[in-house]
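Engineer: Dropping a structure here in structure tokens format, bear with me for questions.
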Amino acid sequence: MKIDDLVGDIVLLVLKPGNPLQGLGIRQDKTYMRMLGHDQFGLWVELPDFYMPQLQQAGKGPEQEQTADASALVPWGAIVSVVAFPDLKGFDYPQPDLDRIGFQID
């Protein structure tokens, strides 16, 4: 298997202990994510419904929160393993059977 074969698929990311990505809302060391790509820095994953501040037009700062589809880089140094499920129905692109994938935001 090659990592290029996993782009667009749901993978299980096993992360190093100590919550290296706590700032993005990851609380568990194992999480299912859709892999969007990879580069020399790490894996790019999908963050559906990511919470972020909605900025006012007047420039006074955050007014309220909104959600947006986002992408995030998970650095290679934070990853212990990437688990693929090539023969499991629903984990391959384009239509995963998982209701919610991605980070759980605090």
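Labels for the structure tokens follow display order: chains A, B, ..., residues from 1 in each chain, ligands from 1.
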Would you pick out the contacts of Leu6 (chain A) at 12 Å or less, using only C-alpha atoms, so that residues sharing its chain but fewer than 3 positions from it are not included, and give the list as a list in words?
Structural biologist: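 So, after excluding close chain neighbours, the residues are Met1, Lys2, Ile3, Asp9, Ile10, Val11, Leu12, Met33, Arg34, Met35, Leu36, Gly37, His38, Leu43, Trp44, Val45, Val82, Val83, Ala84, Phe85, Pro86, Phe91, Asp92, Tyr93 and Pro94 of chain A.
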Engineer: For the strand (DSSP E or B) assignment from backbone DSSP, which residues of region 13-74 of chain A qualify? Please present them as a PyMOL selection string.
Structural biologist: chain A and resi 13-15+30-39+42-55+62-74
Engineer: Include N, CA and C atoms and write out the residues we just selected as a tab-separated table (two decimals), in the first residue's frame.
Structural biologist:
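out-v8.tsv was written with the following content:
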chain	number	residue	atom	x	y	z
A	13	LEU	N	-6.04	7.84	12.69
A	13	LEU	CA	-4.76	8.43	13.10
A	13	LEU	C	-4.52	8.08	14.56
A	14	VAL	N	-3.38	7.47	14.83
A	14	VAL	CA	-2.95	7.21	16.20
A	14	VAL	C	-1.90	8.26	16.51
A	15	LEU	N	-2.22	9.11	17.48
A	15	LEU	CA	-1.36	10.25	17.81
A	15	LEU	C	-0.50	9.96	19.03
A	30	LYS	N	-6.65	8.56	19.43
A	30	LYS	CA	-7.03	7.84	18.22
A	30	LYS	C	-8.26	8.54	17.65
A	31	THR	N	-8.20	8.92	16.38
A	31	THR	CA	-9.31	9.63	15.77
A	31	THR	C	-9.42	9.28	14.29
A	32	TYR	N	-10.65	9.16	13.81
A	32	TYR	CA	-10.91	8.88	12.41
A	32	TYR	C	-11.01	10.19	11.65
A	33	MET	N	-10.28	10.29	10.55
A	33	MET	CA	-10.23	11.52	9.77
A	33	MET	C	-10.26	11.18	8.29
A	34	ARG	N	-10.76	12.12	7.47
A	34	ARG	CA	-10.61	11.98	6.02
A	34	ARG	C	-9.28	12.62	5.66
A	35	MET	N	-8.41	11.84	5.00
A	35	MET	CA	-7.11	12.33	4.59
A	35	MET	C	-7.25	13.05	3.26
A	36	LEU	N	-6.84	14.32	3.24
A	36	LEU	CA	-6.94	15.13	2.03
A	36	LEU	C	-5.64	15.14	1.22
A	37	GLY	N	-4.54	14.85	1.89
A	37	GLY	CA	-3.26	14.85	1.20
A	37	GLY	C	-2.12	14.70	2.18
A	38	HIS	N	-0.90	14.81	1.67
A	38	HIS	CA	0.29	14.71	2.51
A	38	HIS	C	1.42	15.46	1.85
A	39	ASP	N	2.36	15.90	2.66
A	39	ASP	CA	3.56	16.54	2.15
A	39	ASP	C	4.70	16.24	3.11
A	42	GLY	N	3.59	16.67	6.96
A	42	GLY	CA	2.61	15.82	7.63
A	42	GLY	C	1.43	15.49	6.75
A	43	LEU	N	0.31	15.14	7.40
A	43	LEU	CA	-0.92	14.79	6.71
A	43	LEU	C	-1.90	15.95	6.77
A	44	TRP	N	-2.56	16.22	5.66
A	44	TRP	CA	-3.64	17.20	5.61
A	44	TRP	C	-4.95	16.44	5.79
A	45	VAL	N	-5.75	16.89	6.76
A	45	VAL	CA	-7.01	16.21	7.08
A	45	VAL	C	-8.17	17.20	7.04
A	46	GLU	N	-9.35	16.66	6.87
A	46	GLU	CA	-10.57	17.46	6.80
A	46	GLU	C	-11.10	17.76	8.20
A	47	LEU	N	-11.52	18.99	8.41
A	47	LEU	CA	-12.15	19.41	9.66
A	47	LEU	C	-13.55	19.94	9.34
A	48	PRO	N	-14.55	19.07	9.29
A	48	PRO	CA	-15.90	19.56	9.01
A	48	PRO	C	-16.46	20.32	10.20
A	49	ASP	N	-17.18	21.38	9.94
A	49	ASP	CA	-17.85	22.16	10.98
A	49	ASP	C	-16.88	22.65	12.07
A	50	PHE	N	-15.75	23.19	11.66
A	50	PHE	CA	-14.76	23.71	12.59
A	50	PHE	C	-15.25	25.06	13.13
A	51	TYR	N	-15.22	25.22	14.45
A	51	TYR	CA	-15.68	26.47	15.08
A	51	TYR	C	-14.59	27.54	14.99
A	52	MET	N	-15.02	28.73	14.61
A	52	MET	CA	-14.10	29.85	14.50
A	52	MET	C	-14.86	31.14	14.77
A	53	PRO	N	-14.16	32.20	15.17
A	53	PRO	CA	-14.86	33.46	15.42
A	53	PRO	C	-15.32	34.09	14.12
A	54	GLN	N	-16.48	34.72	14.17
A	54	GLN	CA	-16.98	35.49	13.03
A	54	GLN	C	-16.61	36.94	13.31
A	55	LEU	N	-15.78	37.50	12.49
A	55	LEU	CA	-15.28	38.84	12.73
A	55	LEU	C	-16.27	39.89	12.24
A	62	PRO	N	-13.85	39.66	17.43
A	62	PRO	CA	-14.86	38.61	17.31
A	62	PRO	C	-16.22	39.02	17.85
A	63	GLU	N	-17.25	38.72	17.10
A	63	GLU	CA	-18.61	39.03	17.51
A	63	GLU	C	-19.32	37.77	17.99
A	64	GLN	N	-19.17	36.70	17.23
A	64	GLN	CA	-19.80	35.43	17.57
A	64	GLN	C	-19.03	34.33	16.86
A	65	GLU	N	-19.41	33.08	17.13
A	65	GLU	CA	-18.74	31.96	16.48
A	65	GLU	C	-19.54	31.50	15.28
A	66	GLN	N	-18.82	30.94	14.32
A	66	GLN	CA	-19.44	30.34	13.15
A	66	GLN	C	-18.71	29.03	12.87
A	67	THR	N	-19.27	28.21	12.02
A	67	THR	CA	-18.60	26.98	11.63
A	67	THR	C	-18.22	27.08	10.16
A	68	ALA	N	-17.16	26.39	9.81
A	68	ALA	CA	-16.69	26.37	8.43
A	68	ALA	C	-15.98	25.04	8.20
A	69	ASP	N	-16.03	24.58	6.97
A	69	ASP	CA	-15.24	23.41	6.60
A	69	ASP	C	-13.79	23.87	6.46
A	70	ALA	N	-12.89	23.13	7.06
A	70	ALA	CA	-11.48	23.53	7.08
A	70	ALA	C	-10.59	22.32	6.82
A	71	SER	N	-9.34	22.60	6.61
A	71	SER	CA	-8.31	21.58	6.48
A	71	SER	C	-7.24	21.89	7.51
A	72	ALA	N	-6.59	20.85	8.03
A	72	ALA	CA	-5.54	21.06	9.02
A	72	ALA	C	-4.36	20.14	8.72
A	73	LEU	N	-3.20	20.61	9.06
A	73	LEU	CA	-1.98	19.82	8.92
A	73	LEU	C	-1.70	19.13	10.25
A	74	VAL	N	-1.60	17.81	10.22
A	74	VAL	CA	-1.18	17.04	11.38
A	74	VAL	C	0.28	16.69	11.14
